[in-house]
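Peer 1: Would you mind keeping the following structure in view while I ask a few things?
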Amino acid sequence: MSRIAYVNGRYLPHKRASVHVEDRGFQFADAAYEVIAVRGSALIDEDLHLKRLHRSLGELRIAAPMGDASLKSVFREVLRRNAIVDGALYLQISRGQAPRDFPFPQGVAPTLVVTAQRKRGPLAKQVEEGVGVITLPDIRWRRPDIKSVSLLPNLLAKQQAKEAGAFEAWLVDRDGNVTEGTSSNAWIVTAAGEVVTRQADTSILNGITRLGLIGLLAREGLKLVERPFSVAEVKAAREAFLTSSNNFVLPVVSVDGAAIGNGYPGSVVRRLRQAYEGHVAAQGAAQ
Ligand code: PDD
């Protein structure tokens with residue numbers, strides 16, 4: 001079956017799906033995006049993703065290409081045409097197509113691309129055994145809270161992690177504190193049993209998985225602390241994990257080659273992964 005993409009009002013085979021050479025997304029990375037997990041045909045926490053999309057578009061002063069009801073029907077049509085029950089939905093919205101010039105063009109319609117992939121989360125082995133991360137300086141611009149397609153520093157760091165045999169790179173600010181991963185949020189469980197993740201200010205992307213998990217912590221009887229934490233704290237942590245729409249809740253068992261805790265996924269992360277899977281399954285069942 002050939003994959004189908006939505007591009008500016010048309011559903012096209014990927015081979016023929018493209019944007020203009022002078023699209024500002026291509027020329028300037030002048031675009032926002034979202035990635036939404038799909039399970040049991042449900043778009044997980046779709047409304048929260050749309051809320052974050054509108055925030056990104058607002059900060060970038062890019063107009064929404066259509067209303068939310070229309071966007072939602074495009075999402076469903078892309079899933080239907082690609083026969084995707086479990087996977088991920090991607091959307092990119094650029095400022096549109098115009099002769100190359102830095103200031104915003106006037107009277108230009110935004111470009112909307114929606115695609116889907118059958119890819120599903122981490123491997124069972126990664127969930128059971130956990131993954132390793134390396135730490136690298138956070139060289140991104142100062143607004144990673146905006147989900148923009150300008151991802152070069154993230155790609156460079158992810159490639160470095162891959163070449164080092166690690167799953168993810170945790171980015172470190174000038175004070176020696178972890179901000180987040182290249183495509184995930186970072187968490188630790190301290191010796192005192194507190195669950196710590198960085199506060200969602202302008203220094204990180206406020207992950208939708210992060211928000212969903214925060215909603216489940218109290219029910220699990222766990223104390224959340226939102227604050228910066230250092231690489232030394234990661235090394236001394238009882239447990240660590242990362243969250244993202246692609247991986248949900250994934251144990252992190254080493255940092256820069258040093259084991260975290262006993263080097264195996266701990267009881268808190270295993271419980272939290274299960275709780276989050278319940279949160280996801282409930283939405284699939286409601287379809
Ligand atoms: N990345 N931080 C960054 C820098 C991210 O790129 C992502 C998501 C997250 C986690 O956000 P969420 O829980 O909403 O997926 C945190 C997506 C999956 C990507 O770019 O593929």
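Starting from 1 in every chain, residues are counted up; chains themselves are A, B, ... following the order of the structure tokens, and ligands are numbered from 1 as listed.
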Can you tell me which residues come within 10 Å of ligand 1 when counting only C-alpha atoms and all ligand atoms, ideally as a short mmCIF file (atom, residue, chain, number, x, y, z; two decimals) with C-alpha atoms, in the first residue's frame?
Peer 2:
data_model
loop_
_atom_site.label_atom_id
_atom_site.label_comp_id
_atom_site.auth_asym_id
_atom_site.auth_seq_id
_atom_site.Cartn_x
_atom_site.Cartn_y
_atom_site.Cartn_z
CA TYR A 33 5.26 20.89 14.23
CA GLU A 34 3.62 18.26 16.40
CA VAL A 35 4.00 14.50 16.83
CA ILE A 36 0.99 12.63 18.20
CA ALA A 37 1.05 8.95 19.21
CA ASP A 45 -4.05 13.49 24.11
CA LEU A 48 -3.31 18.91 24.47
CA HIS A 49 -1.19 18.61 21.31
CA ARG A 52 0.56 23.32 22.31
CA ALA A 88 2.45 8.27 15.01
CA LEU A 89 0.92 11.28 13.27
CA TYR A 90 3.14 14.22 12.23
CA ARG A 140 19.93 25.39 21.20
CA PRO A 144 12.94 25.44 22.90
CA ASP A 145 9.50 25.75 24.53
CA ILE A 146 8.28 26.53 20.99
CA LYS A 147 7.95 23.30 19.00
CA SER A 148 9.67 24.64 15.88
CA VAL A 149 11.12 22.47 13.08
CA LEU A 151 16.04 21.05 15.10
CA ASN A 154 18.89 18.30 18.45
CA LEU A 155 19.91 16.27 15.39
CA TRP A 170 20.57 14.84 27.76
CA LEU A 171 21.36 18.48 27.17
CA THR A 179 17.36 20.79 30.45
CA GLU A 180 15.88 17.85 28.51
CA GLY A 181 16.71 15.25 25.86
CA THR A 182 17.03 15.98 22.13
CA SER A 183 13.49 14.65 21.59
CA SER A 184 12.26 13.78 25.08
CA ASN A 185 11.92 15.16 28.62
CA ALA A 186 14.33 14.08 31.37
CA SER A 203 14.22 26.24 28.62
CA ILE A 204 12.37 23.05 27.66
CA LEU A 205 9.52 21.80 25.54
CA ASN A 206 6.57 21.10 27.82
CA GLY A 207 6.03 17.51 26.71
CA ILE A 208 2.50 16.22 26.41
CA THR A 209 3.71 12.90 27.83
CA ARG A 210 5.31 14.89 30.67
CA LEU A 211 1.96 16.59 31.38
CA GLY A 212 0.05 13.30 31.21
CA LEU A 213 2.48 11.63 33.59
CA LEU A 242 12.66 9.89 29.78
CA THR A 243 9.24 10.68 28.34
CA SER A 244 8.02 11.38 24.81
CA SER A 245 5.14 10.61 22.48
CA ASN A 246 7.34 8.04 20.72
CA ASN A 247 8.58 6.27 23.83
CA PHE A 248 6.01 7.06 26.51
CA VAL A 249 7.98 6.35 29.74
#
Peer 1: Assign secondary structure with DSSP using the backbone only, and return the residues of stretch 114-257 of chain A in alpha helix (DSSP H) as an MDAnalysis selection string.
Peer 2: chainID A and resid 124:129 152:163 208:217 231:236
Peer 1: Write out the residues from the selection above, keeping N, CA, C and O atoms, as a tab-separated table (two decimals), in the first residue's frame.
Peer 2:
chain	number	residue	atom	x	y	z
A	124	ALA	N	10.87	-3.85	23.04
A	124	ALA	CA	10.58	-4.48	24.34
A	124	ALA	C	11.86	-4.55	25.18
A	124	ALA	O	11.83	-4.32	26.40
A	125	LYS	N	12.97	-4.85	24.53
A	125	LYS	CA	14.26	-4.97	25.24
A	125	LYS	C	14.65	-3.63	25.91
A	125	LYS	O	15.16	-3.61	27.02
A	126	GLN	N	14.36	-2.53	25.20
A	126	GLN	CA	14.71	-1.21	25.76
A	126	GLN	C	13.83	-0.89	26.98
A	126	GLN	O	14.28	-0.29	27.94
A	127	VAL	N	12.59	-1.34	26.92
A	127	VAL	CA	11.68	-1.12	28.06
A	127	VAL	C	12.13	-1.98	29.24
A	127	VAL	O	12.18	-1.52	30.38
A	128	GLU	N	12.47	-3.22	28.95
A	128	GLU	CA	12.82	-4.17	30.03
A	128	GLU	C	14.18	-3.86	30.65
A	128	GLU	O	14.36	-3.96	31.86
A	129	GLU	N	15.16	-3.50	29.80
A	129	GLU	CA	16.53	-3.32	30.30
A	129	GLU	C	16.92	-1.86	30.51
A	129	GLU	O	17.93	-1.59	31.13
A	152	LEU	N	18.30	21.52	14.25
A	152	LEU	CA	19.69	21.12	13.99
A	152	LEU	C	20.49	20.74	15.23
A	152	LEU	O	21.14	19.69	15.25
A	153	PRO	N	20.47	21.56	16.30
A	153	PRO	CA	21.24	21.16	17.49
A	153	PRO	C	20.77	19.82	18.06
A	153	PRO	O	21.57	19.03	18.54
A	154	ASN	N	19.45	19.57	17.96
A	154	ASN	CA	18.89	18.30	18.45
A	154	ASN	C	19.41	17.14	17.61
A	154	ASN	O	19.80	16.10	18.13
A	155	LEU	N	19.45	17.34	16.28
A	155	LEU	CA	19.91	16.27	15.39
A	155	LEU	C	21.39	15.98	15.62
A	155	LEU	O	21.81	14.81	15.66
A	156	LEU	N	22.18	17.03	15.76
A	156	LEU	CA	23.63	16.84	15.96
A	156	LEU	C	23.88	16.07	17.27
A	156	LEU	O	24.71	15.16	17.31
A	157	ALA	N	23.14	16.42	18.31
A	157	ALA	CA	23.33	15.75	19.60
A	157	ALA	C	22.83	14.31	19.53
A	157	ALA	O	23.46	13.39	20.08
A	158	LYS	N	21.70	14.08	18.85
A	158	LYS	CA	21.17	12.71	18.75
A	158	LYS	C	22.15	11.83	17.98
A	158	LYS	O	22.38	10.69	18.34
A	159	GLN	N	22.74	12.38	16.92
A	159	GLN	CA	23.71	11.61	16.14
A	159	GLN	C	24.92	11.26	16.99
A	159	GLN	O	25.43	10.14	16.94
A	160	GLN	N	25.36	12.22	17.79
A	160	GLN	CA	26.52	11.97	18.68
A	160	GLN	C	26.19	10.87	19.68
A	160	GLN	O	27.02	10.02	19.97
A	161	ALA	N	24.94	10.90	20.19
A	161	ALA	CA	24.50	9.85	21.12
A	161	ALA	C	24.53	8.50	20.41
A	161	ALA	O	25.06	7.51	20.94
A	162	LYS	N	24.00	8.47	19.20
A	162	LYS	CA	23.95	7.21	18.45
A	162	LYS	C	25.36	6.67	18.23
A	162	LYS	O	25.63	5.48	18.43
A	163	GLU	N	26.26	7.57	17.84
A	163	GLU	CA	27.64	7.13	17.58
A	163	GLU	C	28.33	6.66	18.87
A	163	GLU	O	29.26	5.86	18.82
A	208	ILE	N	3.87	16.66	26.13
A	208	ILE	CA	2.50	16.22	26.41
A	208	ILE	C	2.54	14.94	27.24
A	208	ILE	O	1.69	14.73	28.12
A	209	THR	N	3.55	14.09	27.00
A	209	THR	CA	3.71	12.90	27.83
A	209	THR	C	4.06	13.32	29.25
A	209	THR	O	3.56	12.75	30.23
A	210	ARG	N	4.93	14.32	29.36
A	210	ARG	CA	5.31	14.89	30.67
A	210	ARG	C	4.05	15.32	31.43
A	210	ARG	O	3.87	14.98	32.59
A	211	LEU	N	3.19	16.08	30.73
A	211	LEU	CA	1.96	16.59	31.38
A	211	LEU	C	1.05	15.44	31.79
A	211	LEU	O	0.49	15.44	32.89
A	212	GLY	N	0.91	14.45	30.90
A	212	GLY	CA	0.05	13.30	31.21
A	212	GLY	C	0.57	12.55	32.42
A	212	GLY	O	-0.21	12.16	33.31
A	213	LEU	N	1.89	12.38	32.48
A	213	LEU	CA	2.48	11.63	33.59
A	213	LEU	C	2.34	12.41	34.91
A	213	LEU	O	2.06	11.82	35.95
A	214	ILE	N	2.51	13.72	34.84
A	214	ILE	CA	2.34	14.54	36.05
A	214	ILE	C	0.94	14.33	36.62
A	214	ILE	O	0.76	14.19	37.84
A	215	GLY	N	-0.04	14.21	35.74
A	215	GLY	CA	-1.42	13.97	36.17
A	215	GLY	C	-1.60	12.63	36.87
A	215	GLY	O	-2.56	12.45	37.61
A	216	LEU	N	-0.69	11.69	36.61
A	216	LEU	CA	-0.84	10.34	37.19
A	216	LEU	C	-0.04	10.16	38.48
A	216	LEU	O	-0.29	9.22	39.23
A	217	LEU	N	0.92	11.07	38.74
A	217	LEU	CA	1.85	10.85	39.86
A	217	LEU	C	1.15	10.80	41.22
A	217	LEU	O	1.43	9.91	42.02
A	231	VAL	N	23.94	17.06	36.50
A	231	VAL	CA	24.44	15.77	36.01
A	231	VAL	C	24.89	14.92	37.20
A	231	VAL	O	24.66	13.71	37.24
A	232	ALA	N	25.48	15.58	38.21
A	232	ALA	CA	25.91	14.85	39.42
A	232	ALA	C	24.70	14.20	40.09
A	232	ALA	O	24.77	13.06	40.57
A	233	GLU	N	23.56	14.92	40.10
A	233	GLU	CA	22.34	14.34	40.70
A	233	GLU	C	21.82	13.15	39.89
A	233	GLU	O	21.27	12.21	40.46
A	234	VAL	N	22.00	13.23	38.58
A	234	VAL	CA	21.58	12.08	37.74
A	234	VAL	C	22.41	10.86	38.13
A	234	VAL	O	21.88	9.77	38.31
A	235	LYS	N	23.72	11.09	38.29
A	235	LYS	CA	24.62	9.98	38.61
A	235	LYS	C	24.30	9.38	39.99
A	235	LYS	O	24.48	8.19	40.20
A	236	ALA	N	23.81	10.24	40.90
A	236	ALA	CA	23.52	9.77	42.26
A	236	ALA	C	22.06	9.33	42.42
A	236	ALA	O	21.66	8.88	43.49
Peer 1: Just list the residues in stretch 3-249 of chain A DSSP gives strand (DSSP E) on the backbone, as an MDAnalysis selection string.
Peer 2: chainID A and resid 4:7 10:13 31:39 42:43 87:94 111:117 131:137 168:172 177:181 185:189 195:197 224:226 229:230 239:244 248:249
Peer 1: Quick one: residues within 12 Å of A:Val74, only C-alpha atoms counted, chain neighbours fewer than 6 positions away excluded, as a PyMOL selection string?
Peer 2: chain A and resi 4-11+65-68+80-81+89-91+112-116
Peer 1: Mind checking which residues fall within 12 Å of A:Asp23, counting only C-alpha atoms, ignoring those fewer than 6 positions away in the same chain, and posting them as a count of residues only?
Peer 2: 20
Peer 1: Here is a test: counting only C-alpha atoms, which residue of A:Arg39, A:Arg238, A:His279, A:Lys51 is nearest to A:Ala259?
Peer 2: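 Checking each candidate against A:Ala259, we get A:Arg238 as the closest.
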Peer 1: How many Å lie between atom CA of A:Gly87 and atom CA of A:Ser2, rounded to one decimal?
Peer 2: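 Computing the Euclidean distance for atom CA of A:Gly87 and atom CA of A:Ser2 yields 16.0 Å.
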Peer 1: Report as JSON, numbers by chain all protein, DNA and RNA residues lying within 7 Å of A:Ile188, evaluated on only C-alpha atoms, omitting residues in the same chain fewer than 3 positions from it.
Peer 2: {"A": [195, 196, 197, 234, 237, 239, 240, 241]}
Peer 1: Have a look at atom CA of A:Tyr264 and atom CA of A:Gln199 and let me know their distance in Å, one decimal.
Peer 2: 26.3 Å
Peer 1: Closest to A:Asp173 among A:Ser41, A:Asn262, A:Thr190, A:Thr135, using only C-alpha atoms?
Peer 2: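 For A:Asp173, the nearest of the candidates is A:Thr135.
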